[in-house]
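Text of the file final_1.cif, holding mmCIF, C-alpha atoms:
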data_work
loop_
_atom_site.label_atom_id
_atom_site.label_comp_id
_atom_site.auth_asym_id
_atom_site.auth_seq_id
_atom_site.Cartn_x
_atom_site.Cartn_y
_atom_site.Cartn_z
CA MET N 169 -9.18 -40.14 24.78
CA ASN N 170 -5.54 -39.34 24.07
CA ARG N 171 -3.86 -36.22 25.31
CA VAL N 172 -2.23 -34.29 22.46
CA VAL N 173 0.95 -32.22 22.69
CA ILE N 174 3.07 -30.13 20.33
CA THR N 175 6.70 -31.27 20.27
CA GLY N 176 8.14 -29.26 17.39
CA MET N 177 7.42 -26.26 15.22
CA GLY N 178 8.82 -24.25 12.35
CA ALA N 179 7.44 -20.87 11.29
CA ILE N 180 8.25 -18.00 8.97
CA SER N 181 6.43 -14.75 8.19
CA GLY N 182 7.08 -11.44 6.52
CA GLU N 183 7.37 -7.78 7.38
CA ILE N 184 4.85 -5.17 6.24
CA LYS N 185 6.65 -3.03 3.65
CA PRO N 186 6.50 -2.05 -0.04
CA THR N 187 6.27 -5.28 -2.00
CA THR N 188 8.67 -6.46 -4.69
CA VAL N 189 6.66 -9.56 -5.60
CA PHE N 190 4.35 -7.86 -8.12
CA ASP N 191 3.51 -4.42 -9.48
CA ALA N 192 1.11 -2.87 -6.96
CA SER N 193 0.97 0.58 -8.57
CA ALA N 194 -2.70 0.14 -9.49
CA LEU N 195 -3.69 -0.72 -5.91
CA ILE N 196 -4.59 1.49 -2.97
CA THR N 197 -1.32 0.43 -1.29
CA ASP N 198 1.99 -1.26 -2.03
CA LYS N 199 2.46 -2.45 1.56
CA PHE N 200 2.32 -6.22 2.04
CA GLY N 201 3.77 -8.71 4.53
CA GLU N 202 6.60 -9.93 2.32
CA ILE N 203 9.31 -12.45 3.29
CA ASP N 204 12.80 -11.53 2.14
CA GLY N 205 14.99 -14.01 0.28
CA LEU N 206 12.42 -16.49 -1.00
CA ASP N 207 12.90 -18.23 -4.34
CA LYS N 208 11.06 -15.77 -6.60
CA ASP N 209 9.65 -18.50 -8.86
CA ASN N 210 8.72 -20.96 -6.10
CA ARG N 211 7.83 -18.87 -3.07
CA LEU N 212 5.33 -21.30 -1.60
CA TYR N 213 7.64 -24.27 -1.98
CA ASP N 214 10.44 -22.31 -0.32
CA VAL N 215 8.17 -21.46 2.62
CA ILE N 216 7.21 -25.12 2.99
CA ARG N 217 10.78 -26.36 2.68
CA ARG N 218 12.04 -23.99 5.37
CA THR N 219 9.24 -24.48 7.87
CA VAL N 220 8.92 -28.26 7.56
CA GLY N 221 12.70 -28.62 7.86
CA ASP N 222 12.78 -26.41 10.96
CA MET N 223 9.85 -28.30 12.47
CA LEU N 224 11.56 -31.69 12.09
CA GLY N 225 14.81 -30.43 13.60
CA ASP N 226 12.97 -28.77 16.46
CA ALA N 227 11.05 -31.98 17.18
CA GLY N 228 14.26 -34.03 17.21
CA LEU N 229 13.05 -36.12 14.29
CA THR N 230 14.16 -36.91 10.75
CA SER N 231 11.91 -37.62 7.80
CA SER N 232 12.99 -41.26 8.13
CA ASP N 233 11.76 -41.28 11.73
CA VAL N 234 8.38 -39.95 10.61
CA SER N 235 8.25 -42.37 7.71
CA ALA N 236 8.72 -45.23 10.16
CA TYR N 237 5.39 -44.28 11.75
CA GLY N 238 3.70 -45.37 8.51
CA SER N 239 -0.01 -44.63 8.27
CA ASP N 240 -0.05 -43.74 11.99
CA CYS N 241 1.18 -40.25 11.02
CA ARG N 242 -1.00 -38.00 8.85
CA MET N 243 -0.58 -34.61 7.22
CA PHE N 244 -3.10 -31.80 7.80
CA PHE N 245 -2.47 -28.79 5.55
CA GLY N 246 -4.27 -25.44 5.50
CA THR N 247 -4.15 -22.95 2.62
CA LEU N 248 -6.42 -20.57 0.73
CA PHE N 249 -4.91 -19.28 -2.50
CA ALA N 250 -2.11 -21.85 -2.85
CA ARG N 251 -0.40 -20.85 -6.09
CA ASP N 252 -1.42 -18.44 -8.83
CA LYS N 253 0.91 -20.31 -11.17
CA ALA N 254 -1.23 -23.46 -11.19
CA TYR N 255 -4.35 -21.57 -12.19
CA ILE N 256 -2.57 -19.55 -14.86
CA GLU N 257 -0.83 -22.55 -16.43
CA HIS N 258 -4.08 -24.49 -16.56
CA SER N 259 -6.02 -21.69 -18.22
CA ARG N 260 -3.29 -21.14 -20.82
CA SER N 261 -2.44 -24.73 -21.71
CA GLY N 262 -5.53 -26.76 -20.89
CA ALA N 263 -3.14 -29.36 -19.48
CA ASP N 264 -3.72 -31.41 -16.37
CA THR N 265 -2.40 -28.67 -14.12
CA LEU N 266 -5.74 -28.42 -12.32
CA ALA N 267 -5.30 -31.96 -11.05
CA MET N 268 -1.95 -30.93 -9.57
CA MET N 269 -3.21 -28.00 -7.51
CA ASN N 270 -2.70 -30.03 -4.33
CA GLU N 271 0.93 -30.78 -5.16
CA PHE N 272 2.11 -28.30 -2.50
CA ALA N 273 0.52 -30.41 0.26
CA VAL N 274 2.01 -33.60 -1.14
CA TYR N 275 5.37 -31.83 -1.26
CA ALA N 276 5.10 -30.92 2.43
CA ALA N 277 4.17 -34.50 3.30
CA SER N 278 7.10 -35.91 1.36
CA LEU N 279 9.56 -33.52 3.02
CA ALA N 280 8.27 -34.50 6.44
CA GLY N 281 8.27 -38.23 5.62
CA VAL N 282 4.52 -38.58 6.16
CA ARG N 283 3.18 -41.83 4.72
CA GLY N 284 -0.38 -41.53 6.02
CA SER N 285 -3.17 -39.61 4.35
CA VAL N 286 -2.83 -35.95 3.33
CA ASP N 287 -5.84 -33.90 4.46
CA ILE N 288 -6.26 -30.35 3.11
CA SER N 289 -8.32 -27.57 4.67
CA SER N 290 -9.26 -24.62 2.47
CA SER N 291 -11.77 -23.08 4.86
CA SER N 292 -10.77 -19.55 3.84
CA CYS N 293 -8.79 -17.64 6.48
CA ALA N 294 -9.61 -20.27 9.11
CA ALA N 295 -7.77 -22.97 7.13
CA GLY N 296 -4.59 -23.09 9.20
CA THR N 297 -6.38 -23.24 12.55
CA THR N 298 -8.81 -25.81 11.16
CA ALA N 299 -5.98 -28.04 9.92
CA ILE N 300 -4.34 -28.07 13.35
CA GLY N 301 -7.70 -28.66 15.03
CA MET N 302 -8.40 -31.59 12.70
CA ALA N 303 -5.05 -33.13 13.62
CA PHE N 304 -5.87 -32.68 17.29
CA ASP N 305 -9.24 -34.37 16.86
CA PHE N 306 -7.76 -37.30 14.95
CA ILE N 307 -5.06 -37.97 17.54
CA ARG N 308 -7.21 -37.59 20.63
CA ASN N 309 -9.79 -39.95 19.16
CA GLY N 310 -7.21 -42.61 18.36
CA LEU N 311 -7.35 -42.34 14.57
CA CYS N 312 -3.60 -41.73 14.46
CA SER N 313 -0.81 -41.16 16.99
CA TYR N 314 1.16 -38.49 15.12
CA ALA N 315 0.43 -35.61 12.76
CA VAL N 316 2.26 -32.90 10.90
CA ALA N 317 -0.14 -29.95 10.80
CA GLY N 318 -0.07 -26.33 9.74
CA GLY N 319 -0.40 -24.12 6.73
CA ALA N 320 1.47 -22.13 4.11
CA GLU N 321 0.67 -19.27 1.76
CA GLU N 322 2.65 -17.15 -0.67
CA LEU N 323 2.06 -13.53 -1.58
CA THR N 324 0.25 -13.44 -4.92
CA PRO N 325 -1.31 -10.88 -7.28
CA MET N 326 -4.60 -12.73 -6.78
CA GLY N 327 -4.58 -11.80 -3.11
CA GLY N 328 -3.51 -8.22 -3.66
CA PHE N 329 -5.86 -7.39 -6.52
CA GLY N 330 -8.72 -9.45 -5.10
CA PHE N 331 -8.79 -7.67 -1.75
CA ASN N 332 -8.24 -4.35 -3.45
CA ALA N 333 -11.40 -5.01 -5.48
CA LEU N 334 -13.22 -5.75 -2.23
CA LYS N 335 -11.97 -2.40 -0.88
CA ALA N 336 -10.52 -4.28 2.10
CA LEU N 337 -6.85 -3.21 1.86
CA SER N 338 -5.44 -0.69 4.30
CA SER N 339 -4.01 2.44 2.70
CA GLY N 340 -1.07 2.20 5.10
CA VAL N 341 -0.15 -0.31 7.79
CA CYS N 342 -3.08 -2.19 9.30
CA ASN N 343 -4.22 -1.16 12.76
CA PRO N 344 -6.44 -3.89 14.25
CA TYR N 345 -8.96 -2.94 16.95
CA ASP N 346 -8.20 0.80 16.69
CA VAL N 347 -10.86 3.40 15.91
CA LYS N 348 -8.70 4.50 12.95
CA HIS N 349 -8.56 1.02 11.38
CA ASN N 350 -9.17 1.01 7.63
CA GLY N 351 -8.25 -2.40 6.25
CA ILE N 352 -5.75 -5.23 6.00
CA ASN N 353 -2.27 -5.86 4.64
CA ILE N 354 -1.97 -9.19 2.83
CA GLY N 355 0.98 -11.25 4.03
CA GLU N 356 2.70 -14.55 3.37
CA GLY N 357 4.20 -17.22 5.55
CA GLY N 358 3.79 -20.65 6.99
CA ALA N 359 4.05 -22.74 10.13
CA PHE N 360 4.07 -26.46 10.76
CA PHE N 361 3.83 -28.39 14.01
CA MET N 362 4.56 -31.91 15.17
CA LEU N 363 1.58 -33.19 17.12
CA GLU N 364 1.61 -36.50 18.96
CA THR N 365 0.11 -38.29 21.90
CA LEU N 366 1.51 -37.38 25.29
CA GLU N 367 2.41 -41.04 25.72
CA SER N 368 4.59 -41.13 22.60
CA ALA N 369 6.22 -37.79 23.39
CA GLN N 370 7.18 -38.92 26.87
CA ALA N 371 8.39 -42.28 25.59
CA ARG N 372 10.94 -40.58 23.31
CA ASN N 373 11.79 -37.85 25.87
CA ALA N 374 10.64 -35.15 23.48
CA LYS N 375 10.59 -31.46 24.30
CA ILE N 376 6.96 -30.47 24.82
CA TYR N 377 5.86 -26.93 24.00
CA CYS N 378 2.24 -27.14 25.05
CA GLU N 379 -0.83 -29.33 25.23
CA ILE N 380 -3.78 -28.72 22.92
CA ILE N 381 -6.86 -29.00 25.09
CA GLY N 382 -9.74 -27.61 23.05
CA PHE N 383 -10.96 -26.96 19.52
CA ALA N 384 -14.13 -25.77 17.82
CA SER N 385 -15.07 -24.89 14.26
CA GLY N 386 -18.16 -23.22 12.90
CA ASN N 387 -19.84 -21.18 10.21
CA ASP N 388 -22.10 -18.19 10.76
CA ALA N 389 -23.81 -18.70 7.33
CA TYR N 390 -24.28 -14.97 7.06
CA HIS N 391 -22.50 -13.57 3.97
CA PRO N 392 -19.77 -14.54 1.46
CA THR N 393 -17.34 -11.89 2.75
CA SER N 394 -18.86 -10.08 5.76
CA PRO N 395 -19.00 -11.56 9.28
CA GLU N 396 -22.24 -11.81 11.20
CA PRO N 397 -22.22 -8.30 12.72
CA THR N 398 -23.52 -8.89 16.25
CA GLY N 399 -20.65 -11.22 17.19
CA GLU N 400 -23.13 -13.83 18.40
CA GLU N 401 -21.67 -16.64 16.30
CA ALA N 402 -18.08 -15.74 17.19
CA TYR N 403 -19.08 -15.76 20.85
CA HIS N 404 -20.54 -19.25 20.51
CA LEU N 405 -17.41 -20.48 18.73
CA MET N 406 -15.18 -19.32 21.59
CA TRP N 407 -17.58 -20.73 24.15
CA ASN N 408 -17.57 -24.11 22.38
CA ALA N 409 -13.78 -24.20 22.28
CA LEU N 410 -13.59 -23.38 26.01
CA ASP N 411 -16.22 -26.00 26.76
CA ASP N 412 -14.22 -28.57 24.80
CA ALA N 413 -11.11 -27.57 26.77
CA GLY N 414 -12.95 -27.83 30.08
CA ILE N 415 -11.92 -24.36 31.28
CA SER N 416 -13.71 -21.06 31.84
CA ALA N 417 -13.21 -17.82 29.95
CA GLU N 418 -11.70 -16.28 33.08
CA GLN N 419 -8.88 -18.84 33.04
CA LEU N 420 -7.57 -17.58 29.71
CA ASP N 421 -4.50 -15.36 30.00
CA TYR N 422 -4.28 -14.42 26.33
CA ILE N 423 -6.44 -14.46 23.19
CA ASN N 424 -4.87 -14.04 19.77
CA GLY N 425 -7.75 -12.54 17.82
CA HIS N 426 -8.35 -12.69 14.10
CA GLY N 427 -7.82 -8.92 14.14
CA THR N 428 -7.65 -8.05 10.45
CA GLY N 429 -7.93 -4.29 10.81
CA THR N 430 -11.17 -4.08 8.83
CA VAL N 431 -14.08 -2.22 10.37
CA LEU N 432 -16.51 -5.13 10.05
CA ASN N 433 -14.24 -7.82 11.49
CA ASP N 434 -12.83 -5.79 14.36
CA SER N 435 -16.19 -4.49 15.52
CA MET N 436 -17.71 -7.98 15.35
CA GLU N 437 -14.86 -9.47 17.38
CA THR N 438 -15.04 -6.74 19.99
CA LYS N 439 -18.76 -7.39 20.47
CA ALA N 440 -18.13 -11.15 20.81
CA LEU N 441 -15.37 -10.62 23.38
CA LYS N 442 -17.50 -8.23 25.40
CA LYS N 443 -20.26 -10.81 25.47
CA LEU N 444 -17.83 -13.53 26.58
CA TYR N 445 -16.38 -11.33 29.34
CA ASP N 446 -19.39 -9.18 30.20
CA ASP N 447 -19.54 -10.17 33.87
CA ALA N 448 -16.04 -11.60 34.27
CA GLU N 449 -13.80 -10.42 37.12
CA ARG N 450 -10.66 -11.53 35.31
CA LYS N 451 -10.09 -10.73 31.64
CA PRO N 452 -7.29 -11.75 29.25
CA PHE N 453 -5.01 -9.64 27.10
CA VAL N 454 -6.12 -9.64 23.44
CA SER N 455 -4.03 -8.75 20.41
CA SER N 456 -3.53 -9.60 16.74
CA THR N 457 -0.34 -10.92 15.14
CA LYS N 458 -1.54 -9.44 11.84
CA ALA N 459 -0.54 -5.99 13.10
CA LEU N 460 3.07 -7.16 12.74
CA VAL N 461 3.16 -9.55 9.78
CA GLY N 462 -0.04 -8.92 7.85
CA HIS N 463 -2.78 -11.39 7.01
CA CYS N 464 -1.23 -14.65 5.82
CA MET N 465 -4.57 -15.86 4.45
CA GLY N 466 -5.07 -19.62 4.88
CA ALA N 467 -1.79 -19.90 6.78
CA SER N 468 -2.64 -17.14 9.26
CA GLY N 469 -3.98 -19.42 11.98
CA ALA N 470 -0.83 -21.57 11.89
CA VAL N 471 1.53 -18.57 11.91
CA GLU N 472 -0.43 -17.04 14.77
CA LEU N 473 -0.40 -20.21 16.87
CA ALA N 474 3.39 -20.24 16.54
CA SER N 475 3.48 -16.64 17.80
CA VAL N 476 1.24 -17.55 20.74
CA ILE N 477 3.51 -20.44 21.71
CA ARG N 478 6.54 -18.15 21.52
CA SER N 479 4.80 -15.58 23.74
CA MET N 480 3.83 -18.36 26.14
CA ARG N 481 7.49 -19.45 26.43
CA THR N 482 9.14 -16.02 26.61
CA GLY N 483 6.58 -13.94 28.46
CA GLU N 484 6.78 -11.28 25.74
CA PRO N 485 3.31 -10.04 24.74
CA ILE N 486 2.33 -9.74 21.08
CA VAL N 487 2.00 -5.96 20.90
CA MET N 488 0.13 -4.08 18.17
CA PRO N 489 2.49 -1.15 17.48
CA ASN N 490 -0.05 1.25 15.94
CA LEU N 491 -2.84 0.82 18.50
CA THR N 492 -3.50 4.17 20.14
CA GLU N 493 -7.26 4.29 20.69
CA PRO N 494 -8.88 0.87 21.17
CA LEU N 495 -12.44 0.40 19.96
CA ASP N 496 -14.94 1.51 22.59
CA GLY N 497 -12.05 1.96 25.01
CA CYS N 498 -11.90 -1.83 25.44
CA GLU N 499 -9.30 -2.58 28.11
CA LEU N 500 -8.66 -6.04 26.69
CA TYR N 501 -6.35 -4.57 24.04
CA ASN N 502 -3.97 -2.70 26.39
CA ALA N 503 -0.68 -4.60 26.36
CA PRO N 504 1.16 -5.55 29.55
CA GLU N 505 4.95 -5.29 29.72
CA HIS N 506 5.18 -8.99 30.57
CA ILE N 507 2.62 -11.76 30.24
CA ASP N 508 2.44 -15.06 32.10
CA ILE N 509 0.41 -17.39 29.89
CA GLU N 510 -0.86 -20.70 31.19
CA TYR N 511 -3.95 -20.89 28.96
CA ALA N 512 -4.29 -19.24 25.56
CA MET N 513 -6.79 -19.20 22.72
CA SER N 514 -6.22 -18.44 19.05
CA ASN N 515 -9.18 -17.47 16.84
CA SER N 516 -9.73 -17.38 13.08
CA PHE N 517 -12.79 -15.86 11.39
CA GLY N 518 -12.83 -16.19 7.61
CA PHE N 519 -14.86 -15.49 4.51
CA ALA N 520 -18.16 -17.32 4.02
CA GLY N 521 -18.48 -17.54 7.80
CA ASN N 522 -15.72 -20.14 8.26
CA SER N 523 -14.33 -19.98 11.78
CA ALA N 524 -12.10 -21.97 14.11
CA SER N 525 -10.75 -21.61 17.63
CA ILE N 526 -8.05 -23.57 19.40
CA VAL N 527 -7.07 -23.60 23.09
CA ILE N 528 -3.64 -24.57 24.42
CA ARG N 529 -2.11 -25.04 27.86
CA ARG N 530 1.50 -24.33 28.76
CA TRP N 531 3.32 -27.58 29.45
CA ALA N 532 4.67 -28.28 32.89
CA ASP N 533 6.49 -31.58 33.44
CA GLU N 534 4.22 -34.14 35.04
#
Exercise: express the given structure as structure tokens:
Amino acid sequence: MNRVVITGMGAISGEIKPTTVFDASALITDKFGEIDGLDKDNRLYDVIRRTVGDMLGDAGLTSSDVSAYGSDCRMFFGTLFARDKAYIEHSRSGADTLAMMNEFAVYAASLAGVRGSVDISSSSCAAGTTAIGMAFDFIRNGLCSYAVAGGAEELTPMGGFGFNALKALSSGVCNPYDVKHNGINIGEGGAFFMLETLESAQARNAKIYCEIIGFASGNDAYHPTSPEPTGEEAYHLMWNALDDAGISAEQLDYINGHGTGTVLNDSMETKALKKLYDDAERKPFVSSTKALVGHCMGASGAVELASVIRSMRTGEPIVMPNLTEPLDGCELYNAPEHIDIEYAMSNSFGFAGNSASIVIRRWADE
């Protein structure tokens, strides 16, 4: 089997603040993870253009270089809502807009120069992690040598009003894993990565960020919106990802949790982590990027993997600024001043039980 490394990335996310994208006066909150300066009529396309362009430059490649790989390079794209505009235009005009709902993924592929197949994951909030995991599986099993993988999402009224109807929005700024947590802040953003075989990366003297060593996906088949409450299925997902990676739970230095800030998700995750580390002598630091940028829906797993890689390179922990009283006093959530990450895991737990977990290893020249 091929070893798979990440040789380039581009990422963008917002800041939790009062939104200017739509009128939120009828909602419980106006605070969303909004990105400043996006094209107001084409937010998703702007996110894709910026992140794919940054990814190519960071990987030392041009779209022509990628195009030269032909069908040996594939696109794996994760998203949930995609664009409100496509749905609205279709319902108003009855035109063929519905057939064009995947145009955003084709746009990303064309920008990157991908000539292989375009594979789309819409596995709810696990879509971004699933897309990257699919790319990893394809490359390590020899189905392609290169992949552009990630996800993108724009802030939409559908997300704001939909989660308000579910009574899932936080009335202020989300506070994952804290006893005072009361909901999420919807965000927007995107991240794309260049994945390739270790052999190809070394042949072109590419910068290597990390090696992907494990992946698992699952579904708890419990409820359309609520996670399986005991954490049993989330525990098995993490165990499967670690087993695939060939490492133990005690070897992990950091876990980026799904950490939405909702009571149901946070309590389920805490139970799963306690089960995974019940008898462990060494335990990792756990935090949630959503405390800083909000929940980027289908793109969240991609945005969060980018944050994990940055933390791995800089030693700066991803700190949850509003955490004051961790659930059940769990020591896993207490941030260190500096973190040395060799092995990290990033988890996504979405609606309808969709889940995915990916494990990476810091690259050291071999």
Query raised in the report: Mind telling me what the PyMOL selection byres ((chain N and resi 223-229) around 8) catches here, as a VMD selection string?
Result: chain N and resid 175 to 179 219 to 222 230 to 231 233 to 234 280 360 to 362 374 to 375
**Report entry** Chain and number of each residue from the PyMOL selection byres ((chain N and resi 346-348) around 9), as a ChimeraX atom specification
**Finding:** /N:343-345,349-350,429,431,434,490-496
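Excluding N:Gly355 and any residue on its chain fewer than 3 positions from it, the residues at most 6 Å away by all atoms listed in the file are N:Phe200, N:Gly201, N:Gly462, N:His463, N:Cys464.
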Query raised in the report: Of the candidates N:Arg478, N:Arg450, N:Lys443, N:Lys199, which one gets nearest to N:Leu337 if we count all atoms listed in the file?
Result: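 Ranked by minimum distance to N:Leu337, first place goes to N:Lys199.
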Requested in this report: Report the distance between atom CA of N:Gly238 and atom CA of N:Gly284 in Å, rounded to one decimal place.
Outcome: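 These atoms are spaced 6.1 Å apart.
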Each residue of stretch 493-521 of chain N with at least one atom at most 12 Å from stretch 398-414 of chain N should appear once, together with its nearest atom pair and the corresponding distance in Å (one decimal); atoms considered: all atoms listed in the file; ordering: chain, then increasing residue number; output as a Markdown table.
| residue | atom | partner | partner_atom | distance |
| --- | --- | --- | --- | --- |
| N:Tyr511 | CA | N:Ala413 | CA | 10.0 |
| N:Ala512 | CA | N:Leu410 | CA | 10.2 |
| N:Met513 | CA | N:Met406 | CA | 8.5 |
| N:Ser514 | CA | N:Met406 | CA | 9.4 |
| N:Asn515 | CA | N:Met406 | CA | 7.9 |
| N:Ser516 | CA | N:Ala402 | CA | 9.5 |
| N:Phe517 | CA | N:Ala402 | CA | 7.9 |
| N:Gly518 | CA | N:Ala402 | CA | 10.9 |
| N:Gly521 | CA | N:Glu401 | CA | 9.1 |
Query raised in the report: Of the candidates N:Thr247, N:Ser181, N:Ser292, N:Thr187, which shows the shortest atom-to-atom distance to N:Asn387, using only C-alpha atoms?
Result: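 Closest to N:Asn387, using only C-alpha atoms: N:Ser292.
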Query raised in the report: Hey, what comes out of the PyMOL selection byres ((chain N and resi 369) around 12) on this file? Could you write it as a PyMOL selection string?
Result: chain N and resi 170-176+227-229+313-314+362-368+370-379+533
